$ cat structure_31.txt   # compact mmCIF, C-alpha atoms
# COMPACT_ATOMS: atom_id res chain seq x y z
CA MET G 34 160.84 -44.77 -121.82
CA PRO G 35 161.93 -45.94 -118.39
CA ASP G 36 159.30 -47.16 -115.97
CA LEU G 37 159.48 -44.57 -113.19
CA ASP G 38 157.83 -46.69 -110.49
CA ALA G 39 160.35 -49.42 -111.26
CA SER G 40 163.12 -46.76 -111.16
CA PHE G 41 162.12 -45.63 -107.71
CA ALA G 42 161.80 -49.21 -106.45
CA ALA G 43 165.23 -49.94 -107.88
CA LEU G 44 166.64 -47.00 -105.92
CA ALA G 45 165.18 -48.16 -102.60
CA ASP G 46 168.30 -50.29 -102.12
CA PRO G 47 171.49 -48.51 -100.92
CA THR G 48 173.81 -50.85 -102.85
CA ARG G 49 171.98 -50.08 -106.08
CA ARG G 50 172.20 -46.34 -105.36
CA ALA G 51 175.95 -46.71 -104.78
CA ILE G 52 176.28 -48.64 -108.06
CA LEU G 53 174.44 -45.83 -109.84
CA ALA G 54 176.69 -43.20 -108.29
CA ARG G 55 179.73 -45.22 -109.45
CA LEU G 56 178.32 -45.48 -113.01
CA ALA G 57 177.75 -41.73 -113.05
CA ASP G 58 181.57 -41.48 -113.14
CA GLY G 59 181.72 -43.69 -116.25
CA GLU G 60 180.94 -47.20 -117.49
CA ALA G 61 182.14 -50.20 -115.50
CA THR G 62 182.16 -54.00 -115.67
CA VAL G 63 180.63 -56.34 -113.06
CA GLN G 64 184.16 -56.98 -111.75
CA ASP G 65 184.83 -53.22 -111.41
CA LEU G 66 181.53 -52.75 -109.62
CA ALA G 67 181.92 -55.71 -107.25
CA ARG G 68 185.35 -54.56 -106.03
CA PRO G 69 184.29 -51.83 -103.53
CA PHE G 70 181.39 -53.89 -102.13
CA ALA G 71 181.63 -56.79 -99.74
CA ILE G 72 179.30 -58.86 -101.89
CA SER G 73 179.76 -61.44 -104.66
CA GLN G 74 179.73 -60.79 -108.39
CA PRO G 75 176.47 -62.81 -108.80
CA ALA G 76 174.84 -60.55 -106.19
CA ILE G 77 176.07 -57.48 -108.08
CA SER G 78 174.72 -58.99 -111.31
CA ARG G 79 171.29 -59.34 -109.70
CA HIS G 80 171.37 -55.66 -108.66
CA LEU G 81 172.41 -54.70 -112.22
CA LYS G 82 169.50 -56.70 -113.64
CA VAL G 83 167.05 -54.73 -111.45
CA LEU G 84 168.64 -51.42 -112.53
CA GLU G 85 168.56 -52.44 -116.20
CA GLU G 86 164.92 -53.58 -116.04
CA ALA G 87 164.07 -50.23 -114.46
CA GLY G 88 165.60 -48.53 -117.51
CA LEU G 89 168.30 -46.78 -115.46
CA ILE G 90 171.35 -48.49 -116.98
CA GLU G 91 172.23 -50.36 -120.17
CA THR G 92 174.79 -52.96 -121.23
CA ARG G 93 177.32 -52.37 -123.97
CA ILE G 94 178.72 -55.43 -125.71
CA GLU G 95 182.41 -55.23 -126.53
CA GLY G 96 183.92 -58.61 -127.41
CA THR G 97 183.59 -60.72 -124.29
CA SER G 98 183.26 -57.65 -122.07
CA ARG G 99 179.83 -56.35 -120.94
CA PRO G 100 180.37 -52.90 -119.42
CA ARG G 101 177.31 -51.25 -117.86
CA ARG G 102 176.59 -47.54 -118.17
CA LEU G 103 173.95 -45.04 -117.09
CA ARG G 104 171.21 -44.24 -119.57
CA PRO G 105 171.40 -40.44 -119.89
CA ASP G 106 167.66 -40.06 -120.46
CA ALA G 107 166.96 -42.11 -117.35
CA MET G 108 168.82 -39.64 -115.14
CA ALA G 109 166.82 -36.67 -116.49
CA GLN G 110 163.49 -38.44 -116.04
CA LEU G 111 164.37 -39.68 -112.60
CA TRP G 112 165.32 -36.15 -111.64
CA ASP G 113 161.95 -34.84 -112.89
CA TRP G 114 160.12 -37.50 -110.94
CA LEU G 115 162.13 -37.01 -107.77
CA GLY G 116 161.64 -33.27 -108.17
CA GLN G 117 157.95 -33.70 -107.40
CA TYR G 118 158.84 -34.48 -103.84
CA ARG G 119 161.62 -31.97 -103.24
CA ALA G 120 161.46 -33.20 -99.68
CA LEU G 121 164.99 -32.38 -98.63
CA TRP G 122 165.44 -28.94 -100.13
CA GLU G 123 161.93 -27.78 -99.34
CA ALA G 124 162.26 -28.90 -95.72
CA GLN G 125 165.46 -26.88 -95.49
CA PHE G 126 163.83 -23.80 -97.01
CA GLN G 127 160.93 -24.11 -94.57
CA ARG G 128 163.45 -23.98 -91.73
CA LEU G 129 164.88 -20.87 -93.45
CA ASP G 130 161.35 -19.36 -93.45
CA ALA G 131 161.21 -19.92 -89.68
CA VAL G 132 164.58 -18.21 -89.20
CA LEU G 133 163.37 -15.23 -91.27
CA ASP G 134 160.17 -15.01 -89.20
CA SER G 135 162.29 -14.82 -86.03
CA LEU G 136 164.38 -11.85 -87.22
CA PRO G 137 163.41 -8.33 -86.08
CA PRO G 138 161.68 -6.12 -88.66
CA ASP G 139 163.89 -4.20 -91.06
CA LEU G 140 164.98 -0.88 -89.57
CA ALA G 141 164.62 0.78 -92.93
CA PRO G 142 163.31 -0.31 -96.30
CA ASP G 143 166.18 -2.13 -97.92
CA LEU G 144 165.17 -1.13 -101.41
CA ALA G 145 164.04 1.94 -103.20
CA PRO G 146 160.56 1.48 -104.70
CA SER G 147 162.06 1.74 -108.19
CA GLU G 148 164.01 -1.44 -107.50
CA ARG G 149 160.90 -3.47 -106.75
CA THR G 150 159.59 -5.73 -109.44
CA PRO G 151 155.93 -6.68 -109.73
CA GLN G 152 155.03 -10.22 -108.66
CA MET E 36 152.39 -15.73 -103.43
CA THR E 37 153.89 -19.07 -104.22
CA THR E 38 156.57 -20.39 -101.93
CA GLN E 39 156.81 -23.66 -103.81
CA LEU E 40 160.32 -24.71 -104.65
CA GLN E 41 161.02 -25.10 -108.36
CA THR E 42 163.89 -27.35 -109.40
CA VAL E 43 164.86 -27.48 -113.06
CA LEU E 44 167.56 -29.26 -115.03
CA ASP E 45 168.67 -26.63 -117.56
CA GLY E 46 170.78 -27.55 -120.57
CA ASP E 47 173.53 -30.11 -120.00
CA THR E 48 175.28 -28.55 -117.03
CA ASP E 49 172.90 -26.51 -114.87
CA ILE E 50 170.53 -27.17 -112.01
CA ILE E 51 168.26 -24.22 -111.21
CA LEU E 52 166.41 -23.69 -107.92
CA ARG E 53 163.78 -21.00 -107.51
CA ARG E 54 161.90 -20.12 -104.33
CA ASP E 55 159.91 -17.19 -103.00
CA PHE E 56 160.21 -15.87 -99.46
CA SER E 57 157.80 -13.58 -97.63
CA HIS E 58 160.67 -11.42 -96.33
CA SER E 59 162.85 -8.75 -97.90
CA PRO E 60 166.06 -9.56 -99.83
CA ALA E 61 168.00 -7.90 -96.97
CA LYS E 62 166.62 -10.39 -94.43
CA VAL E 63 167.03 -13.40 -96.69
CA TRP E 64 170.59 -12.24 -97.35
CA ARG E 65 171.32 -12.27 -93.61
CA ALA E 66 169.95 -15.81 -93.25
CA LEU E 67 172.06 -16.96 -96.21
CA THR E 68 175.33 -15.36 -95.10
CA GLU E 69 175.48 -15.06 -91.26
CA PRO E 70 176.86 -18.25 -89.71
CA ALA E 71 174.71 -17.97 -86.55
CA LEU E 72 171.61 -17.94 -88.74
CA ILE E 73 172.90 -20.48 -91.30
CA ARG E 74 173.38 -23.00 -88.48
CA GLN E 75 169.69 -22.72 -87.59
CA TRP E 76 168.38 -23.86 -90.96
CA MET E 77 171.16 -25.92 -92.53
CA ALA E 78 171.32 -28.45 -89.72
CA VAL E 79 169.72 -31.68 -90.91
CA GLU E 80 167.75 -33.70 -88.35
CA GLY E 81 170.25 -35.72 -86.36
CA HIS E 82 173.18 -34.04 -88.13
CA PRO E 83 174.17 -30.75 -86.46
CA MET E 84 176.70 -28.59 -88.25
CA THR E 85 180.13 -29.03 -86.70
CA ARG E 86 181.63 -26.08 -88.56
CA CYS E 87 180.04 -23.08 -90.24
CA ASP E 88 182.37 -20.37 -91.62
CA PHE E 89 181.33 -17.86 -94.25
CA ASP E 90 183.20 -14.73 -95.30
CA PRO E 91 180.83 -13.30 -97.93
CA ARG E 92 183.30 -11.02 -99.68
CA PRO E 93 185.08 -11.41 -103.03
CA GLY E 94 188.20 -13.42 -102.15
CA GLY E 95 186.52 -14.82 -99.03
CA THR E 96 185.78 -18.49 -98.43
CA PHE E 97 183.13 -20.68 -96.85
CA HIS E 98 183.21 -24.03 -95.07
CA PHE E 99 180.06 -25.91 -93.99
CA GLU E 100 180.62 -29.23 -92.23
CA TRP E 101 178.34 -31.87 -90.72
CA GLU E 102 178.84 -35.11 -88.88
CA GLY E 103 177.31 -37.92 -90.93
CA PRO E 104 175.28 -40.88 -89.67
CA ASP E 105 178.36 -43.13 -89.67
CA GLY E 106 180.40 -40.67 -87.60
CA ASN E 107 182.35 -39.50 -90.65
CA SER E 108 182.15 -35.81 -91.36
CA PHE E 109 181.35 -34.35 -94.76
CA PHE E 110 181.76 -30.78 -95.91
CA PHE E 111 181.21 -28.25 -98.65
CA SER E 112 183.79 -25.49 -99.05
CA GLY E 113 185.22 -23.11 -101.61
CA PRO E 114 186.00 -19.56 -102.66
CA VAL E 115 183.60 -16.62 -102.87
CA LEU E 116 183.99 -14.93 -106.26
CA ASP E 117 181.53 -12.07 -106.52
CA VAL E 118 179.26 -10.30 -104.02
CA ARG E 119 176.71 -7.51 -104.35
CA ALA E 120 174.83 -7.51 -101.04
CA PRO E 121 171.94 -8.12 -100.61
CA HIS E 122 171.18 -9.26 -104.14
CA HIS E 123 173.93 -11.41 -105.59
CA ILE E 124 176.67 -13.83 -104.67
CA THR E 125 178.73 -16.23 -106.79
CA HIS E 126 180.79 -18.95 -105.16
CA VAL E 127 182.42 -22.26 -106.04
CA GLU E 128 181.46 -25.33 -104.03
CA HIS E 129 183.66 -28.42 -103.61
CA PHE E 130 182.37 -31.55 -101.91
CA ASN E 131 184.79 -32.90 -99.27
CA GLY E 132 187.56 -30.72 -100.71
CA ASP E 133 187.60 -32.67 -103.98
CA PRO E 134 188.66 -30.32 -106.80
CA ALA E 135 187.03 -32.72 -109.30
CA MET E 136 183.62 -32.20 -107.68
CA ALA E 137 183.01 -28.52 -108.24
CA ALA E 138 179.95 -26.45 -108.95
CA ARG E 139 179.85 -22.73 -109.63
CA ILE E 140 176.81 -21.40 -107.79
CA THR E 141 175.16 -18.09 -108.56
CA THR E 142 172.51 -16.87 -106.11
CA ASP E 143 170.28 -13.91 -106.92
CA LEU E 144 167.68 -12.31 -104.65
CA ALA E 145 165.12 -10.07 -106.36
CA ALA E 146 162.57 -7.98 -104.50
CA THR E 147 158.98 -8.96 -105.21
CA GLY E 148 155.84 -7.14 -104.11
CA THR E 149 155.68 -9.28 -101.01
CA GLY E 150 159.24 -10.40 -100.31
CA ALA E 151 162.09 -11.91 -102.23
CA ARG E 152 162.57 -14.43 -105.02
CA MET E 153 165.72 -16.49 -104.86
CA THR E 154 167.18 -17.95 -108.05
CA MET E 155 170.12 -20.28 -107.58
CA VAL E 156 172.00 -21.64 -110.60
CA MET E 157 174.36 -24.57 -109.92
CA ARG E 158 176.65 -25.06 -112.91
CA TYR E 159 178.81 -28.16 -113.32
CA GLU E 160 181.81 -28.70 -115.62
CA ASN E 161 179.90 -31.01 -117.95
CA ALA E 162 176.90 -33.35 -118.16
CA GLU E 163 178.82 -36.19 -116.50
CA ALA E 164 179.77 -34.03 -113.50
CA ARG E 165 176.16 -32.98 -113.06
CA ALA E 166 174.98 -36.60 -113.27
CA ALA E 167 177.58 -37.59 -110.67
CA ALA E 168 176.40 -34.80 -108.35
CA ILE E 169 172.78 -35.86 -108.72
CA ALA E 170 173.62 -39.52 -108.17
CA SER E 171 175.76 -38.84 -105.10
CA GLY E 172 173.08 -36.51 -103.75
CA MET E 173 170.67 -39.38 -104.14
CA THR E 174 173.05 -41.70 -102.36
CA ASP E 175 173.44 -39.33 -99.44
CA GLY E 176 169.93 -38.01 -99.23
CA MET E 177 167.64 -40.82 -100.31
CA ASP E 178 167.30 -42.50 -96.93
CA GLU E 179 165.93 -39.26 -95.56
CA VAL E 180 163.70 -38.85 -98.63
CA TYR E 181 162.30 -42.33 -98.11
CA ALA E 182 161.76 -41.65 -94.41
CA ARG E 183 159.90 -38.47 -95.26
CA LEU E 184 157.90 -40.14 -98.03
CA ASP E 185 156.49 -42.51 -95.40
CA GLY E 186 154.94 -39.49 -93.74
CA LEU E 187 153.77 -37.77 -96.93
CA LYS E 188 150.45 -38.11 -98.64
CA ILE E 189 151.08 -38.54 -102.34
CA ASP E 190 148.25 -38.16 -104.80
$ encode --input "structure_31.txt" --output "structure tokens"
Amino acid sequence: MPDLDASFAALADPTRRAILARLADGEATVQDLARPFAISQPAISRHLKVLEEAGLIETRIEGTSRPRRLRPDAMAQLWDWLGQYRALWEAQFQRLDAVLDSLPPDLAPDLAPSERTPQ
Amino acid sequence: MTTQLQTVLDGDTDIILRRDFSHSPAKVWRALTEPALIRQWMAVEGHPMTRCDFDPRPGGTFHFEWEGPDGNSFFFSGPVLDVRAPHHITHVEHFNGDPAMAARITTDLAATGTGARMTMVMRYENAEARAAAIASGMTDGMDEVYARLDGLKID
């Protein structure tokens, strides 16, 4: 079971979020991951260690190759945890509430009573 | 009435959003489909929409575009498949025109005793595509989430 506080701390870094987004497309080696970033392979390896300790990714051993991949359960749990905040979507829907409040009242009921469903 | 947003991962491919509004489906429909109104609530702080087109008819298209923090623009666009105003719309959403990043989005508005309940189902091709969408959403949105978290009281 991933440590969710460690997961969130791991995600506080934009490079680690970019690595995670890349791994969401499929597994990759340190060399693959270092290529798009202007940082060294040892620096990437340190980021991968943080992500692995947070339970977000895992290492597969294949001969001398050590590809990293996302842990599928980690993504679902991270989503659940992030969902508690819902900061972005909810902020947008609150702006939508304000737009609705500014509209004039309906000229006519838009629904027949038979269409209404109880709350 | 609860206005709290519910977000659920459903099965391997779906993300479901549910939210209640204290206005009729007809009004919520207008705010979801009229560009002049969409611009008012879809603009993110510091990122005004630079383009907002929506032709909410079967065979129509939409294009929502913003200027990002680095000066690069990003957009969502795609075809409108099915419309039954003011209760239902199905459209396909591509991110930055990439056919590989597609979600089929079904939006339903049901009348409640006090307003409307919106249920939005975002369906991806497979589990990997959904994971990629979540991860890239995190990449794009997390700085703002962290900024907002600083101002939130978390119990």
$ residues_near_point --input "structure_31.txt" --point "(183.8, -13.7, -98.8)" --cutoff "9 Å" --atoms "all atoms listed in the file" --output "JSON, numbers by chain"
{"E": [89, 90, 91, 92, 93, 94, 95, 96, 97, 114, 115, 116, 117, 118, 126]}
$ closest_residue --input "structure_31.txt" --among "G:Ala109, G:Gln74, G:Pro69, G:Ala124" --to "Ile169 (chain E)" --atoms "all atoms listed in the file"
G:Ala109
$ closest_residue --input "structure_31.txt" --among "G:Ala61, G:Ala87, G:Ile72, G:Ala107" --to "chain E" --atoms "all atoms listed in the file"
G:Ala107
$ closest_residue --input "structure_31.txt" --among "E:His82, E:Arg158, E:Arg54, E:His98" --to "chain G" --atoms "only C-alpha atoms"
E:Arg54
$ atom_distance --input "structure_31.txt" --atom1 "CA of Ser135 (chain G)" --atom2 "CA of Ala78 (chain E)"
16.8 Å
$ residues_around --input "structure_31.txt" --residues "Gln64 (chain G)" --least-positions-apart "4" --cutoff "10 Å" --atoms "all atoms listed in the file" --output "number ranges by chain"
G: 68-69, 73-74, 77-78, 100
$ atom_distance --input "structure_31.txt" --atom1 "CA of Thr48 (chain E)" --atom2 "CA of Phe126 (chain G)"
23.5 Å
$ axis_aligned_box --input "structure_31.txt" --around "region 123-131 of chain G" --padding-each-side "5 Å" --output "lines of an AutoDock Vina configuration file"
center_x = 163.2
center_y = -24.1
center_z = -94.5
size_x = 14.5
size_y = 19.5
size_z = 19.7
$ residues_around --input "structure_31.txt" --residues "region 139-149 of chain E" --least-positions-apart "5" --cutoff "7 Å" --atoms "all atoms listed in the file" --output "MDAnalysis selection string"
(chainID G and resid 149:152) or (chainID E and resid 57 59:60 122:128 154:159)
$ closest_residue --input "structure_31.txt" --among "G:Leu103, G:Ala57, G:Ala67, G:Ile52" --to "chain E" --atoms "only C-alpha atoms"
G:Ala57
$ atom_distance --input "structure_31.txt" --atom1 "CA of Met136 (chain E)" --atom2 "CA of Met84 (chain E)"
20.9 Å
$ closest_residue --input "structure_31.txt" --among "G:Ala43, G:Ala54, G:Asp130, G:Gly59" --to "Arg102 (chain G)" --atoms "only C-alpha atoms"
G:Gly59
$ closest_residue --input "structure_31.txt" --among "E:Met77, E:Cys87, E:Ala135, E:Ala71" --to "chain G" --atoms "all atoms listed in the file"
E:Met77
$ residues_around --input "structure_31.txt" --residues "Val132 (chain G)" --least-positions-apart "6" --cutoff "9 Å" --atoms "all atoms listed in the file" --output "list of chain:residue names"
E:Ala66, E:Leu72, E:Ile73, E:Gln75, E:Trp76
$ residues_around --input "structure_31.txt" --residues "Glu102 (chain E)" --least-positions-apart "2" --cutoff "8 Å" --atoms "all atoms listed in the file" --output "number ranges by chain"
E: 82-85, 100, 104, 106-109
